[in-house]
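**Q** Just so it is clear, I am handing over start.txt, which has compact mmCIF, C-alpha atoms and all ligand atoms.
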# COMPACT_ATOMS: atom_id res chain seq x y z
CA MET A 284 -32.85 6.76 13.89
CA LYS A 285 -29.62 5.04 12.77
CA SER A 286 -30.35 2.06 10.53
CA ALA A 287 -28.84 -1.34 11.42
CA PRO A 288 -25.69 -2.24 9.45
CA SER A 289 -26.22 -4.64 6.56
CA PRO A 290 -25.43 -8.26 7.44
CA ARG A 291 -23.11 -8.20 4.41
CA ASN A 292 -21.09 -5.35 5.93
CA ARG A 293 -17.66 -6.87 6.61
CA THR A 294 -15.92 -3.69 7.80
CA LEU A 295 -13.38 -4.53 10.50
CA LYS A 296 -14.59 -3.96 14.06
CA ILE A 297 -12.48 -3.82 17.21
CA LEU A 298 -14.27 -5.16 20.27
CA PRO A 299 -13.56 -3.35 23.58
CA GLU A 300 -12.14 -6.54 25.10
CA GLU A 301 -9.64 -6.90 22.20
CA ARG A 302 -8.00 -3.50 22.58
CA GLU A 303 -5.54 -4.22 25.35
CA LYS A 304 -4.16 -7.38 23.75
CA LEU A 305 -3.87 -5.76 20.31
CA LEU A 306 -2.07 -2.71 21.70
CA ALA A 307 0.48 -4.79 23.62
CA GLY A 308 3.81 -4.69 21.81
CA LEU A 309 3.00 -1.58 19.75
CA SER A 310 4.69 0.95 21.99
CA ALA A 311 7.32 3.33 20.67
CA PRO A 312 11.02 2.43 21.09
CA THR A 313 13.12 4.31 23.64
CA LYS A 314 16.53 3.10 22.47
CA LYS A 315 18.23 2.36 19.16
CA LEU A 316 16.82 -0.76 17.49
CA SER A 317 18.82 -3.49 15.76
CA PRO A 318 17.75 -4.79 12.30
CA PRO A 319 16.08 -7.96 13.73
CA GLU A 320 14.19 -5.82 16.27
CA ILE A 321 12.26 -3.95 13.60
CA ARG A 322 11.16 -7.04 11.63
CA ASN A 323 7.45 -7.85 11.78
CA ARG A 324 6.75 -4.92 14.07
CA LEU A 325 4.21 -2.14 14.12
CA PHE A 326 5.23 0.93 16.13
CA LYS A 327 2.71 3.39 17.55
CA GLY A 328 4.16 6.87 17.43
CA ASP A 329 5.21 9.81 15.31
CA LEU A 330 7.66 8.91 12.57
CA PHE A 331 9.62 12.12 13.08
CA SER A 332 10.37 11.12 16.69
CA LEU A 333 10.89 7.41 15.93
CA ALA A 334 13.01 7.47 12.74
CA GLY A 335 16.22 8.13 14.71
CA PHE A 336 15.82 4.83 16.60
CA PHE A 337 15.81 2.79 13.40
CA PRO A 338 18.96 1.08 12.08
CA SER A 339 20.57 2.13 8.79
CA SER A 340 20.55 0.14 5.53
CA CYS A 341 17.98 -2.44 6.61
CA VAL A 342 14.91 -1.84 4.41
CA ASP A 343 14.49 -3.49 0.99
CA LEU A 344 11.28 -1.74 -0.01
CA MET A 345 9.68 1.40 1.42
CA ILE A 346 6.08 2.28 0.61
CA LEU A 347 4.99 5.75 1.71
CA ASP A 348 1.40 6.93 1.74
CA PRO A 349 1.61 10.28 3.52
CA PRO A 350 -1.33 12.69 3.82
CA TYR A 351 -2.01 14.19 0.39
CA ASN A 352 -1.93 17.95 0.07
CA LEU A 353 -5.54 18.51 1.09
CA ASP A 354 -7.51 19.05 4.29
CA LYS A 355 -8.04 15.68 5.98
CA GLU A 356 -8.93 14.51 9.48
CA PHE A 357 -7.13 11.46 10.90
CA ARG A 358 -8.89 10.82 14.24
CA SER A 359 -7.07 13.05 16.78
CA SER A 360 -4.84 14.72 14.17
CA SER A 361 -5.47 16.51 10.92
CA PHE A 362 -3.56 17.61 7.85
CA ARG A 363 -4.09 21.08 6.38
CA LYS A 364 -3.56 21.95 2.72
CA LYS A 365 -0.27 23.74 2.22
CA SER A 366 1.28 25.87 -0.51
CA ALA A 367 3.21 23.82 -3.10
CA SER A 368 6.52 24.93 -1.61
CA ASP A 369 5.46 24.03 1.96
CA TYR A 370 4.24 20.60 0.78
CA LEU A 371 7.60 20.09 -0.92
CA ALA A 372 9.36 20.97 2.36
CA TYR A 373 7.05 18.55 4.21
CA LEU A 374 7.89 15.69 1.79
CA LYS A 375 11.62 16.35 2.12
CA SER A 376 11.36 16.50 5.91
CA PHE A 377 10.74 12.74 6.04
CA LEU A 378 12.17 11.48 2.72
CA CYS A 379 15.69 12.68 3.44
CA PRO A 380 16.01 11.17 6.96
CA LEU A 381 14.23 7.94 5.95
CA LYS A 382 16.65 7.40 3.05
CA ARG A 383 19.25 6.30 5.63
CA LEU A 384 17.11 3.24 6.44
CA LEU A 385 17.18 1.93 2.86
CA LYS A 386 19.59 -0.67 1.54
CA LYS A 387 21.74 0.32 -1.45
CA GLU A 388 19.52 -1.53 -3.96
CA ALA A 389 16.21 -0.67 -2.28
CA SER A 390 13.13 0.67 -4.03
CA LEU A 391 10.61 3.23 -2.88
CA TYR A 392 7.00 3.98 -3.81
CA LEU A 393 5.42 7.31 -2.86
CA CYS A 394 1.67 7.84 -3.18
CA GLY A 395 0.07 11.12 -4.19
CA ASP A 396 -2.54 12.78 -6.36
CA TRP A 397 -2.38 15.05 -9.42
CA ASN A 398 -2.10 18.12 -7.23
CA SER A 399 1.03 16.98 -5.42
CA CYS A 400 2.84 15.50 -8.39
CA GLY A 401 5.17 18.46 -8.98
CA ALA A 402 6.25 18.50 -5.33
CA ILE A 403 6.73 14.71 -5.26
CA GLN A 404 8.95 14.67 -8.34
CA GLN A 405 11.05 17.55 -7.01
CA ALA A 406 11.34 16.05 -3.51
CA LEU A 407 12.47 12.67 -4.85
CA GLU A 408 15.05 14.32 -7.09
CA GLU A 409 16.34 16.66 -4.39
CA CYS A 410 16.67 13.76 -1.92
CA GLY A 411 18.86 11.94 -4.46
CA PHE A 412 16.54 9.14 -5.64
CA PHE A 413 16.43 7.81 -9.20
CA ILE A 414 12.86 8.22 -10.43
CA ARG A 415 11.85 5.17 -12.48
CA ASN A 416 8.18 5.70 -13.23
CA ARG A 417 4.87 7.13 -12.17
CA ILE A 418 2.04 4.64 -11.87
CA THR A 419 -1.49 5.95 -12.23
CA TRP A 420 -4.29 3.87 -10.78
CA GLN A 421 -7.90 4.41 -11.56
CA ARG A 422 -10.27 4.85 -8.64
CA GLU A 423 -13.76 3.64 -9.44
CA LYS A 424 -15.28 6.21 -7.12
CA GLY A 425 -14.10 9.68 -7.99
CA ARG A 426 -14.62 12.94 -6.19
CA GLY A 427 -17.30 14.61 -8.35
CA ALA A 428 -16.95 18.26 -9.28
CA GLY A 429 -19.52 20.44 -11.07
CA LYS A 430 -16.95 22.73 -12.65
CA ASN A 431 -14.03 20.40 -13.15
CA TRP A 432 -13.18 16.90 -14.36
CA LYS A 433 -14.09 14.25 -11.81
CA ASN A 434 -10.96 13.17 -9.97
CA CYS A 435 -10.80 9.46 -10.71
CA SER A 436 -7.13 8.57 -10.42
CA GLU A 437 -4.16 8.65 -8.08
CA ASP A 438 -0.44 8.29 -8.62
CA ILE A 439 2.35 6.24 -7.12
CA TRP A 440 5.88 7.34 -7.87
CA PHE A 441 8.46 4.56 -8.21
CA ALA A 442 12.06 5.42 -7.34
CA THR A 443 15.24 3.58 -6.43
CA CYS A 444 18.34 4.42 -4.41
CA ALA A 445 20.74 3.22 -7.08
CA LYS A 446 21.02 2.28 -10.75
CA ASP A 447 20.85 -1.41 -9.82
CA TYR A 448 17.60 -2.58 -8.33
CA PHE A 449 15.36 -5.63 -8.14
CA PHE A 450 12.24 -5.74 -10.31
CA ASP A 451 10.13 -8.81 -11.10
CA ALA A 452 7.63 -7.94 -13.85
CA GLY A 453 6.71 -11.63 -14.17
CA ALA A 454 5.30 -11.63 -10.62
CA VAL A 455 2.69 -8.97 -11.42
CA LYS A 456 1.11 -10.30 -14.58
CA ILE A 457 -2.56 -9.67 -15.27
CA ARG A 458 -4.99 -12.42 -16.23
CA LYS A 459 -6.98 -11.01 -19.16
CA LYS A 460 -9.92 -12.55 -20.97
CA VAL A 461 -9.07 -13.30 -24.61
CA ILE A 462 -11.54 -11.68 -26.99
CA ALA A 463 -10.15 -13.21 -30.19
CA PRO A 464 -8.61 -16.59 -29.32
CA TYR A 465 -6.30 -17.17 -32.28
CA ARG A 466 -4.84 -20.60 -32.91
CA GLU A 467 -1.69 -21.56 -34.76
CA LYS A 468 -1.60 -25.07 -36.20
CA GLY A 469 -4.64 -25.80 -34.03
CA ARG A 470 -2.90 -24.70 -30.81
CA PRO A 471 -3.80 -21.63 -28.72
CA LYS A 472 -1.51 -18.69 -29.56
CA ASP A 473 -0.37 -17.17 -26.21
CA TRP A 474 -3.52 -18.06 -24.31
CA ARG A 475 -4.79 -20.79 -22.02
CA GLU A 476 -8.17 -22.27 -21.24
CA GLU A 477 -9.32 -23.16 -17.73
CA LYS A 478 -12.83 -23.95 -16.49
CA GLY A 479 -14.24 -22.83 -19.85
CA GLU A 480 -12.48 -19.43 -19.70
CA LYS A 481 -9.94 -18.36 -22.29
CA TYR A 482 -7.34 -16.01 -20.88
CA ARG A 483 -3.82 -14.71 -21.33
CA LEU A 484 -1.27 -13.51 -18.77
CA THR A 485 -0.04 -10.04 -19.76
CA PHE A 486 2.69 -7.81 -18.39
CA PRO A 487 1.51 -4.81 -16.36
CA SER A 488 1.75 -1.19 -17.47
CA ASN A 489 2.01 1.99 -15.42
CA PHE A 490 -1.76 2.48 -15.75
CA LEU A 491 -3.77 0.25 -13.42
CA ASN A 492 -7.47 -0.03 -14.19
CA ASP A 493 -8.20 -3.18 -12.19
CA ILE A 494 -8.19 -1.72 -8.67
CA THR A 495 -11.22 -1.48 -6.37
CA VAL A 496 -11.09 0.93 -3.43
CA PRO A 497 -12.09 -1.04 -0.29
CA TYR A 498 -15.78 -0.72 0.55
CA TRP A 499 -18.11 -2.08 3.23
CA SER A 500 -18.72 -5.56 1.82
CA MET A 501 -15.01 -6.31 1.31
CA PRO A 502 -13.32 -8.21 4.16
CA GLU A 503 -10.28 -5.93 4.01
CA ASN A 504 -12.35 -2.80 4.68
CA THR A 505 -11.73 -0.76 7.84
CA PRO A 506 -13.08 2.63 8.98
CA HIS A 507 -9.75 4.32 8.02
CA PRO A 508 -10.60 7.34 5.79
CA THR A 509 -7.92 6.76 3.14
CA GLN A 510 -7.29 3.03 3.17
CA LYS A 511 -5.38 1.65 0.18
CA PRO A 512 -6.45 -1.62 -1.50
CA GLU A 513 -4.43 -4.76 -0.70
CA LYS A 514 -4.42 -5.63 -4.42
CA LEU A 515 -2.62 -2.36 -5.20
CA MET A 516 0.00 -2.87 -2.49
CA ALA A 517 0.44 -6.50 -3.59
CA LYS A 518 1.55 -5.32 -7.04
CA LEU A 519 4.23 -3.03 -5.60
CA ILE A 520 5.45 -5.66 -3.14
CA LEU A 521 5.59 -8.51 -5.64
CA ALA A 522 7.36 -6.41 -8.28
CA SER A 523 9.92 -4.81 -5.99
CA SER A 524 10.79 -7.31 -3.25
CA ARG A 525 11.66 -10.95 -2.72
CA GLU A 526 10.24 -13.32 -0.11
CA GLY A 527 11.84 -12.58 3.27
CA ASP A 528 12.69 -8.97 2.35
CA LEU A 529 11.79 -6.16 4.73
CA VAL A 530 8.93 -3.90 3.58
CA PHE A 531 8.61 -0.66 5.56
CA ASP A 532 5.68 1.78 5.67
CA PRO A 533 6.16 4.83 7.92
CA PHE A 534 2.56 6.13 7.42
CA CYS A 535 0.93 2.74 7.71
CA GLY A 536 -2.62 3.79 8.69
CA SER A 537 -4.84 0.69 8.82
CA GLY A 538 -1.82 -1.47 7.96
CA THR A 539 -2.54 -2.37 4.33
CA THR A 540 1.14 -2.51 3.32
CA LEU A 541 2.11 -4.58 6.37
CA VAL A 542 -0.77 -7.03 6.02
CA THR A 543 -0.15 -7.53 2.31
CA ALA A 544 3.59 -8.01 2.89
CA LYS A 545 2.81 -10.65 5.52
CA LYS A 546 0.39 -12.44 3.19
CA LEU A 547 3.12 -12.51 0.53
CA SER A 548 5.79 -13.92 2.90
CA ARG A 549 7.75 -10.70 3.29
CA ASP A 550 8.76 -9.22 6.65
CA PHE A 551 7.11 -5.92 7.49
CA CYS A 552 7.60 -2.87 9.67
CA GLY A 553 5.26 0.09 10.09
CA ILE A 554 4.75 3.30 12.01
CA GLU A 555 1.38 4.94 12.71
CA ARG A 556 0.65 7.64 15.26
CA GLU A 557 -3.12 7.16 15.70
CA GLU A 558 -3.96 4.46 18.24
CA GLU A 559 -7.25 3.53 16.56
CA TYR A 560 -5.53 2.90 13.22
CA CYS A 561 -2.82 0.87 14.97
CA LEU A 562 -5.60 -1.32 16.33
CA TYR A 563 -6.99 -1.92 12.84
CA ALA A 564 -3.51 -2.77 11.58
CA ALA A 565 -2.79 -5.10 14.51
CA LYS A 566 -6.08 -6.95 14.08
CA ARG A 567 -5.61 -7.28 10.33
CA LEU A 568 -2.11 -8.65 10.92
CA GLU A 569 -3.54 -11.17 13.36
CA ASN A 570 -6.20 -12.21 10.82
CA ALA A 571 -3.54 -12.57 8.12
CA SER A 572 -1.95 -15.40 10.12
CA SER A 573 -4.85 -17.66 9.16
CA ASP A 574 -6.11 -16.08 5.93
CA ARG A 575 -3.57 -15.02 3.33
CA ARG A 576 -6.02 -14.33 0.53
CA ILE A 577 -5.74 -11.05 -1.38
CA GLN A 578 -8.87 -10.04 -3.25
CA GLY A 579 -8.14 -9.94 -6.98
CA TYR A 580 -4.94 -12.03 -6.86
CA ASP A 581 -4.98 -15.79 -7.37
CA GLY A 582 -1.38 -16.50 -6.35
CA GLU A 583 -0.18 -16.48 -9.96
CA ALA A 584 -1.63 -13.34 -11.52
CA PHE A 585 -3.95 -10.39 -10.90
CA LEU A 586 -7.58 -10.75 -11.90
CA GLU A 587 -9.72 -8.16 -13.58
CA ARG A 588 -11.54 -5.58 -11.44
CA ASN A 589 -14.27 -6.90 -9.13
CA ALA A 590 -13.26 -10.52 -9.69
CA SER A 591 -14.69 -12.78 -7.03
CA PHE A 592 -12.81 -13.42 -3.81
CA PRO A 593 -10.65 -16.56 -4.09
CA GLU A 594 -11.91 -19.56 -2.14
CA LYS A 595 -10.15 -20.22 1.16
CA SER A 596 -7.70 -23.06 0.65
C1 LIG B 601 -2.88 8.36 3.80
S1 LIG B 601 -2.92 7.58 5.35
C2 LIG B 601 -2.23 6.00 5.04
C3 LIG B 601 -3.28 4.94 4.79
C4 LIG B 601 -2.71 3.56 4.64
N1 LIG B 601 -1.96 3.42 3.43
C5 LIG B 601 -3.80 2.51 4.69
O1 LIG B 601 -3.96 1.71 3.74
O2 LIG B 601 -4.53 2.48 5.66
C6 LIG B 601 -1.67 8.42 6.21
C7 LIG B 601 -1.51 7.94 7.63
O3 LIG B 601 -0.34 8.53 8.20
C8 LIG B 601 -0.57 8.81 9.55
N2 LIG B 601 0.39 9.86 9.90
C9 LIG B 601 0.41 11.14 9.47
N3 LIG B 601 1.50 11.78 9.95
C10 LIG B 601 2.19 10.87 10.68
C11 LIG B 601 3.40 10.92 11.41
N4 LIG B 601 4.10 12.06 11.49
N5 LIG B 601 3.84 9.81 12.05
C12 LIG B 601 3.12 8.66 11.97
N6 LIG B 601 1.94 8.54 11.30
C13 LIG B 601 1.49 9.64 10.65
C14 LIG B 601 -2.03 9.24 9.61
O4 LIG B 601 -2.58 9.07 10.90
C15 LIG B 601 -2.67 8.31 8.57
O5 LIG B 601 -3.20 7.15 9.14
Kindly transcribe the structure held in the file into structure tokens.
Ligand SMILES: C[S@@+](CC[C@H](N)C(=O)[O-])C[C@H]1O[C@@H](n2cnc3c(N)ncnc32)[C@H](O)[C@@H]1O

**A**
Amino acid sequence: MKSAPSPRNRTLKILPEEREKLLAGLSAPTKKLSPPEIRNRLFKGDLFSLAGFFPSSCVDLMILDPPYNLDKEFRSSSFRKKSASDYLAYLKSFLCPLKRLLKKEASLYLCGDWNSCGAIQQALEECGFFIRNRITWQREKGRGAGKNWKNCSEDIWFATCAKDYFFDAGAVKIRKKVIAPYREKGRPKDWREEKGEKYRLTFPSNFLNDITVPYWSMPENTPHPTQKPEKLMAKLILASSREGDLVFDPFCGSGTTLVTAKKLSRDFCGIEREEEYCLYAAKRLENASSDRRIQGYDGEAFLERNASFPEKS
């Protein structure tokens, strides 16, 4: 017998009576869209069929989280592991056409794992992007393996279209507890004290060890099989876009990029081909109208892993 879900389980649920309303307005375009027509929109459909309808030079930041090179089911569709050269061809098949949508000074982040890193680097280079960095983020829960190292990290490649680009390192500072609170002439040296806690705001590195993968008791959790954490997307969005900029995610899944962009006062646009995932994204976007909190971010800096959820203001 199936046990009853825990009362603390906050995984998003779509009620049958909500479906129709949530799906309204998600249909795929049938004619070319103007730049204002793609702002704050989620399109249901296949990106390869839809990309041609999108206007050129309109996106400030593109975040791509395509299927990794492994076998994975996504509701009615699935992805099958490919040879390295076929995965490279797959990456180029969307990176090259989507480049047209980016503004001259736009940035791009492309998610992957250790196994796809060679193909990702090559695809970005061959599509003419400037690679700026590779961020590695630590997943608390790794895929265990008896005869290998447990896979406990993923990568996000950071690239730009041009030599000039926007980057705001000050917007993604980390709030770290101070172990040795030095003072100079009686005054705190580079640290502050608030509610009895001594902390310092530090600049981020390309290794993120403060990320929690969404799980059942987190309000952002959905049944999507590869949902990214809002805190992770918030770092990319805050560092590489300004308020009002357009953030685009062509593999948007449960809508994490779009929801986080909305919470941070950016415009968003996303494409997802699975109806069920579109529903999760649409409902999360609706919820974000009244609750802009991002777990692990206090509006000024990022908190250490598993920090409590900020109070609703
Ligand atoms: C790795 S998941 C993205 C998860 C997402 N970042 C989130 O937080 O929920 C990749 C998504 O791309 C979608 N997808 C794969 N191929 C697609 C295509 N050709 N067009 C549109 N969506 C596609 C899949 O259905 C899946 O939801």

**Q** Using only C-alpha atoms and all ligand atoms, find the one residue out of A:Trp432, A:Trp499, A:Phe331, A:Phe413 that sits nearest to ligand LIG 601 (chain B).

**A**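 Nearest candidate to ligand LIG 601 (chain B) out of A:Trp432, A:Trp499, A:Phe331, A:Phe413: A:Phe331.
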
**Q** What residues have an atom no more than 7 Å from (7.5, 3.1, 11.0) in the file's own frame, counting all atoms listed in the file, and can you write them as a PyMOL selection string?

**A** chain A and resi 325-326+330+531-534+552-555

**Q** Which residues form the shell of 7 Å around ligand LIG 601 (chain B) when you count all atoms listed in the file, given as number ranges by chain?

**A** A: 328-331, 348-351, 357, 360, 507, 509-512, 533-540, 554-557, 560

**Q** Those same residues, written as a PDB file, keeping the file's coordinate frame with C-alpha atoms?

**A**
ATOM      1  CA  GLY A 328       4.160   6.870  17.430  1.00  0.00           C
ATOM      2  CA  ASP A 329       5.210   9.810  15.310  1.00  0.00           C
ATOM      3  CA  LEU A 330       7.660   8.910  12.570  1.00  0.00           C
ATOM      4  CA  PHE A 331       9.620  12.120  13.080  1.00  0.00           C
ATOM      5  CA  ASP A 348       1.400   6.930   1.740  1.00  0.00           C
ATOM      6  CA  PRO A 349       1.610  10.280   3.520  1.00  0.00           C
ATOM      7  CA  PRO A 350      -1.330  12.690   3.820  1.00  0.00           C
ATOM      8  CA  TYR A 351      -2.010  14.190   0.390  1.00  0.00           C
ATOM      9  CA  PHE A 357      -7.130  11.460  10.900  1.00  0.00           C
ATOM     10  CA  SER A 360      -4.840  14.720  14.170  1.00  0.00           C
ATOM     11  CA  HIS A 507      -9.750   4.320   8.020  1.00  0.00           C
ATOM     12  CA  THR A 509      -7.920   6.760   3.140  1.00  0.00           C
ATOM     13  CA  GLN A 510      -7.290   3.030   3.170  1.00  0.00           C
ATOM     14  CA  LYS A 511      -5.380   1.650   0.180  1.00  0.00           C
ATOM     15  CA  PRO A 512      -6.450  -1.620  -1.500  1.00  0.00           C
ATOM     16  CA  PRO A 533       6.160   4.830   7.920  1.00  0.00           C
ATOM     17  CA  PHE A 534       2.560   6.130   7.420  1.00  0.00           C
ATOM     18  CA  CYS A 535       0.930   2.740   7.710  1.00  0.00           C
ATOM     19  CA  GLY A 536      -2.620   3.790   8.690  1.00  0.00           C
ATOM     20  CA  SER A 537      -4.840   0.690   8.820  1.00  0.00           C
ATOM     21  CA  GLY A 538      -1.820  -1.470   7.960  1.00  0.00           C
ATOM     22  CA  THR A 539      -2.540  -2.370   4.330  1.00  0.00           C
ATOM     23  CA  THR A 540       1.140  -2.510   3.320  1.00  0.00           C
ATOM     24  CA  ILE A 554       4.750   3.300  12.010  1.00  0.00           C
ATOM     25  CA  GLU A 555       1.380   4.940  12.710  1.00  0.00           C
ATOM     26  CA  ARG A 556       0.650   7.640  15.260  1.00  0.00           C
ATOM     27  CA  GLU A 557      -3.120   7.160  15.700  1.00  0.00           C
ATOM     28  CA  TYR A 560      -5.530   2.900  13.220  1.00  0.00           C
TER      29      TYR A 560
END

**Q** Which residues are near Ser340 of chain A? Cut-off 7 Å, all atoms listed in the file, ignore same chain within fewer than 4 positions. Put them as a list of chain:residue names.

**A** A:Arg383, A:Leu384, A:Leu385, A:Lys386

**Q** Output the selection as an mmCIF file, keeping the file's coordinate frame - C-alpha atoms for each residue.

**A**
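The resulting file, selection-v5.cif, is reproduced below:
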data_model
loop_
_atom_site.group_PDB
_atom_site.id
_atom_site.type_symbol
_atom_site.label_atom_id
_atom_site.label_comp_id
_atom_site.auth_asym_id
_atom_site.auth_seq_id
_atom_site.Cartn_x
_atom_site.Cartn_y
_atom_site.Cartn_z
ATOM 1 C CA ARG A 383 19.250 6.300 5.630
ATOM 2 C CA LEU A 384 17.110 3.240 6.440
ATOM 3 C CA LEU A 385 17.180 1.930 2.860
ATOM 4 C CA LYS A 386 19.590 -0.670 1.540
#

**Q** What does the distance from atom CA of Leu371 of chain A to atom CA of Glu513 of chain A come to in Å, to one decimal?

**A**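 It comes out at 27.6 Å.
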
**Q** So, counting only C-alpha atoms, which residue among A:Glu480, A:Asp438, A:Glu583, A:Asp574 is closest to Ile462 of chain A?

**A**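 Closest candidate: A:Glu480.
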
**Q** Might you pull out every residue within 7 Å of Gln421 of chain A, with all atoms listed in the file counted and same-chain residues fewer than 3 positions away left off, and present them as a ChimeraX atom specification?

**A** /A:435-437,491-492,494

**Q** Is there a way to complete segment 350-371 of chain A with N, CA and C atoms and then write that out as a PDB file, in the frame of the given file?

**A**
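Printed below is result06.pdb as written:
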ATOM      1  N   PRO A 350      -0.145  11.887   4.139  1.00  0.00           N
ATOM      2  CA  PRO A 350      -1.330  12.690   3.820  1.00  0.00           C
ATOM      3  C   PRO A 350      -1.103  13.442   2.506  1.00  0.00           C
ATOM      4  N   TYR A 351      -2.114  13.433   1.633  1.00  0.00           N
ATOM      5  CA  TYR A 351      -2.010  14.190   0.390  1.00  0.00           C
ATOM      6  C   TYR A 351      -2.164  15.680   0.735  1.00  0.00           C
ATOM      7  N   ASN A 352      -1.874  16.522  -0.234  1.00  0.00           N
ATOM      8  CA  ASN A 352      -1.930  17.950   0.070  1.00  0.00           C
ATOM      9  C   ASN A 352      -3.361  18.485   0.022  1.00  0.00           C
ATOM     10  N   LEU A 353      -4.165  18.037   0.966  1.00  0.00           N
ATOM     11  CA  LEU A 353      -5.540  18.510   1.090  1.00  0.00           C
ATOM     12  C   LEU A 353      -5.968  18.409   2.563  1.00  0.00           C
ATOM     13  N   ASP A 354      -7.031  19.094   2.909  1.00  0.00           N
ATOM     14  CA  ASP A 354      -7.510  19.050   4.290  1.00  0.00           C
ATOM     15  C   ASP A 354      -8.059  17.663   4.589  1.00  0.00           C
ATOM     16  N   LYS A 355      -7.579  17.040   5.643  1.00  0.00           N
ATOM     17  CA  LYS A 355      -8.040  15.680   5.980  1.00  0.00           C
ATOM     18  C   LYS A 355      -7.922  15.446   7.473  1.00  0.00           C
ATOM     19  N   GLU A 356      -8.960  14.837   8.049  1.00  0.00           N
ATOM     20  CA  GLU A 356      -8.930  14.510   9.480  1.00  0.00           C
ATOM     21  C   GLU A 356      -8.480  13.056   9.631  1.00  0.00           C
ATOM     22  N   PHE A 357      -7.542  12.832  10.547  1.00  0.00           N
ATOM     23  CA  PHE A 357      -7.130  11.460  10.900  1.00  0.00           C
ATOM     24  C   PHE A 357      -7.333  11.291  12.405  1.00  0.00           C
ATOM     25  N   ARG A 358      -8.545  10.980  12.819  1.00  0.00           N
ATOM     26  CA  ARG A 358      -8.890  10.820  14.240  1.00  0.00           C
ATOM     27  C   ARG A 358      -8.474  12.051  15.046  1.00  0.00           C
ATOM     28  N   SER A 359      -7.420  11.929  15.908  1.00  0.00           N
ATOM     29  CA  SER A 359      -7.070  13.050  16.780  1.00  0.00           C
ATOM     30  C   SER A 359      -6.170  14.075  16.079  1.00  0.00           C
ATOM     31  N   SER A 360      -5.710  13.761  14.875  1.00  0.00           N
ATOM     32  CA  SER A 360      -4.840  14.720  14.170  1.00  0.00           C
ATOM     33  C   SER A 360      -5.477  15.095  12.835  1.00  0.00           C
ATOM     34  N   SER A 361      -4.937  16.128  12.234  1.00  0.00           N
ATOM     35  CA  SER A 361      -5.470  16.510  10.920  1.00  0.00           C
ATOM     36  C   SER A 361      -4.324  17.054  10.073  1.00  0.00           C
ATOM     37  N   PHE A 362      -4.552  17.042   8.763  1.00  0.00           N
ATOM     38  CA  PHE A 362      -3.560  17.610   7.850  1.00  0.00           C
ATOM     39  C   PHE A 362      -4.234  18.785   7.155  1.00  0.00           C
ATOM     40  N   ARG A 363      -3.526  19.891   7.033  1.00  0.00           N
ATOM     41  CA  ARG A 363      -4.090  21.080   6.380  1.00  0.00           C
ATOM     42  C   ARG A 363      -3.357  21.353   5.073  1.00  0.00           C
ATOM     43  N   LYS A 364      -4.134  21.670   4.050  1.00  0.00           N
ATOM     44  CA  LYS A 364      -3.560  21.950   2.720  1.00  0.00           C
ATOM     45  C   LYS A 364      -2.505  23.043   2.834  1.00  0.00           C
ATOM     46  N   LYS A 365      -1.395  22.807   2.153  1.00  0.00           N
ATOM     47  CA  LYS A 365      -0.270  23.740   2.220  1.00  0.00           C
ATOM     48  C   LYS A 365      -0.006  24.331   0.829  1.00  0.00           C
ATOM     49  N   SER A 366       0.821  25.361   0.790  1.00  0.00           N
ATOM     50  CA  SER A 366       1.280  25.870  -0.510  1.00  0.00           C
ATOM     51  C   SER A 366       2.166  24.775  -1.123  1.00  0.00           C
ATOM     52  N   ALA A 367       2.382  24.845  -2.436  1.00  0.00           N
ATOM     53  CA  ALA A 367       3.210  23.820  -3.100  1.00  0.00           C
ATOM     54  C   ALA A 367       4.596  23.773  -2.472  1.00  0.00           C
ATOM     55  N   SER A 368       5.153  24.945  -2.141  1.00  0.00           N
ATOM     56  CA  SER A 368       6.520  24.930  -1.610  1.00  0.00           C
ATOM     57  C   SER A 368       6.550  24.364  -0.184  1.00  0.00           C
ATOM     58  N   ASP A 369       5.488  24.612   0.606  1.00  0.00           N
ATOM     59  CA  ASP A 369       5.460  24.030   1.960  1.00  0.00           C
ATOM     60  C   ASP A 369       5.232  22.515   1.892  1.00  0.00           C
ATOM     61  N   TYR A 370       4.448  22.056   0.903  1.00  0.00           N
ATOM     62  CA  TYR A 370       4.240  20.600   0.780  1.00  0.00           C
ATOM     63  C   TYR A 370       5.559  19.939   0.352  1.00  0.00           C
ATOM     64  N   LEU A 371       6.286  20.611  -0.515  1.00  0.00           N
ATOM     65  CA  LEU A 371       7.600  20.090  -0.920  1.00  0.00           C
ATOM     66  C   LEU A 371       8.516  19.972   0.315  1.00  0.00           C
TER      67      LEU A 371
END
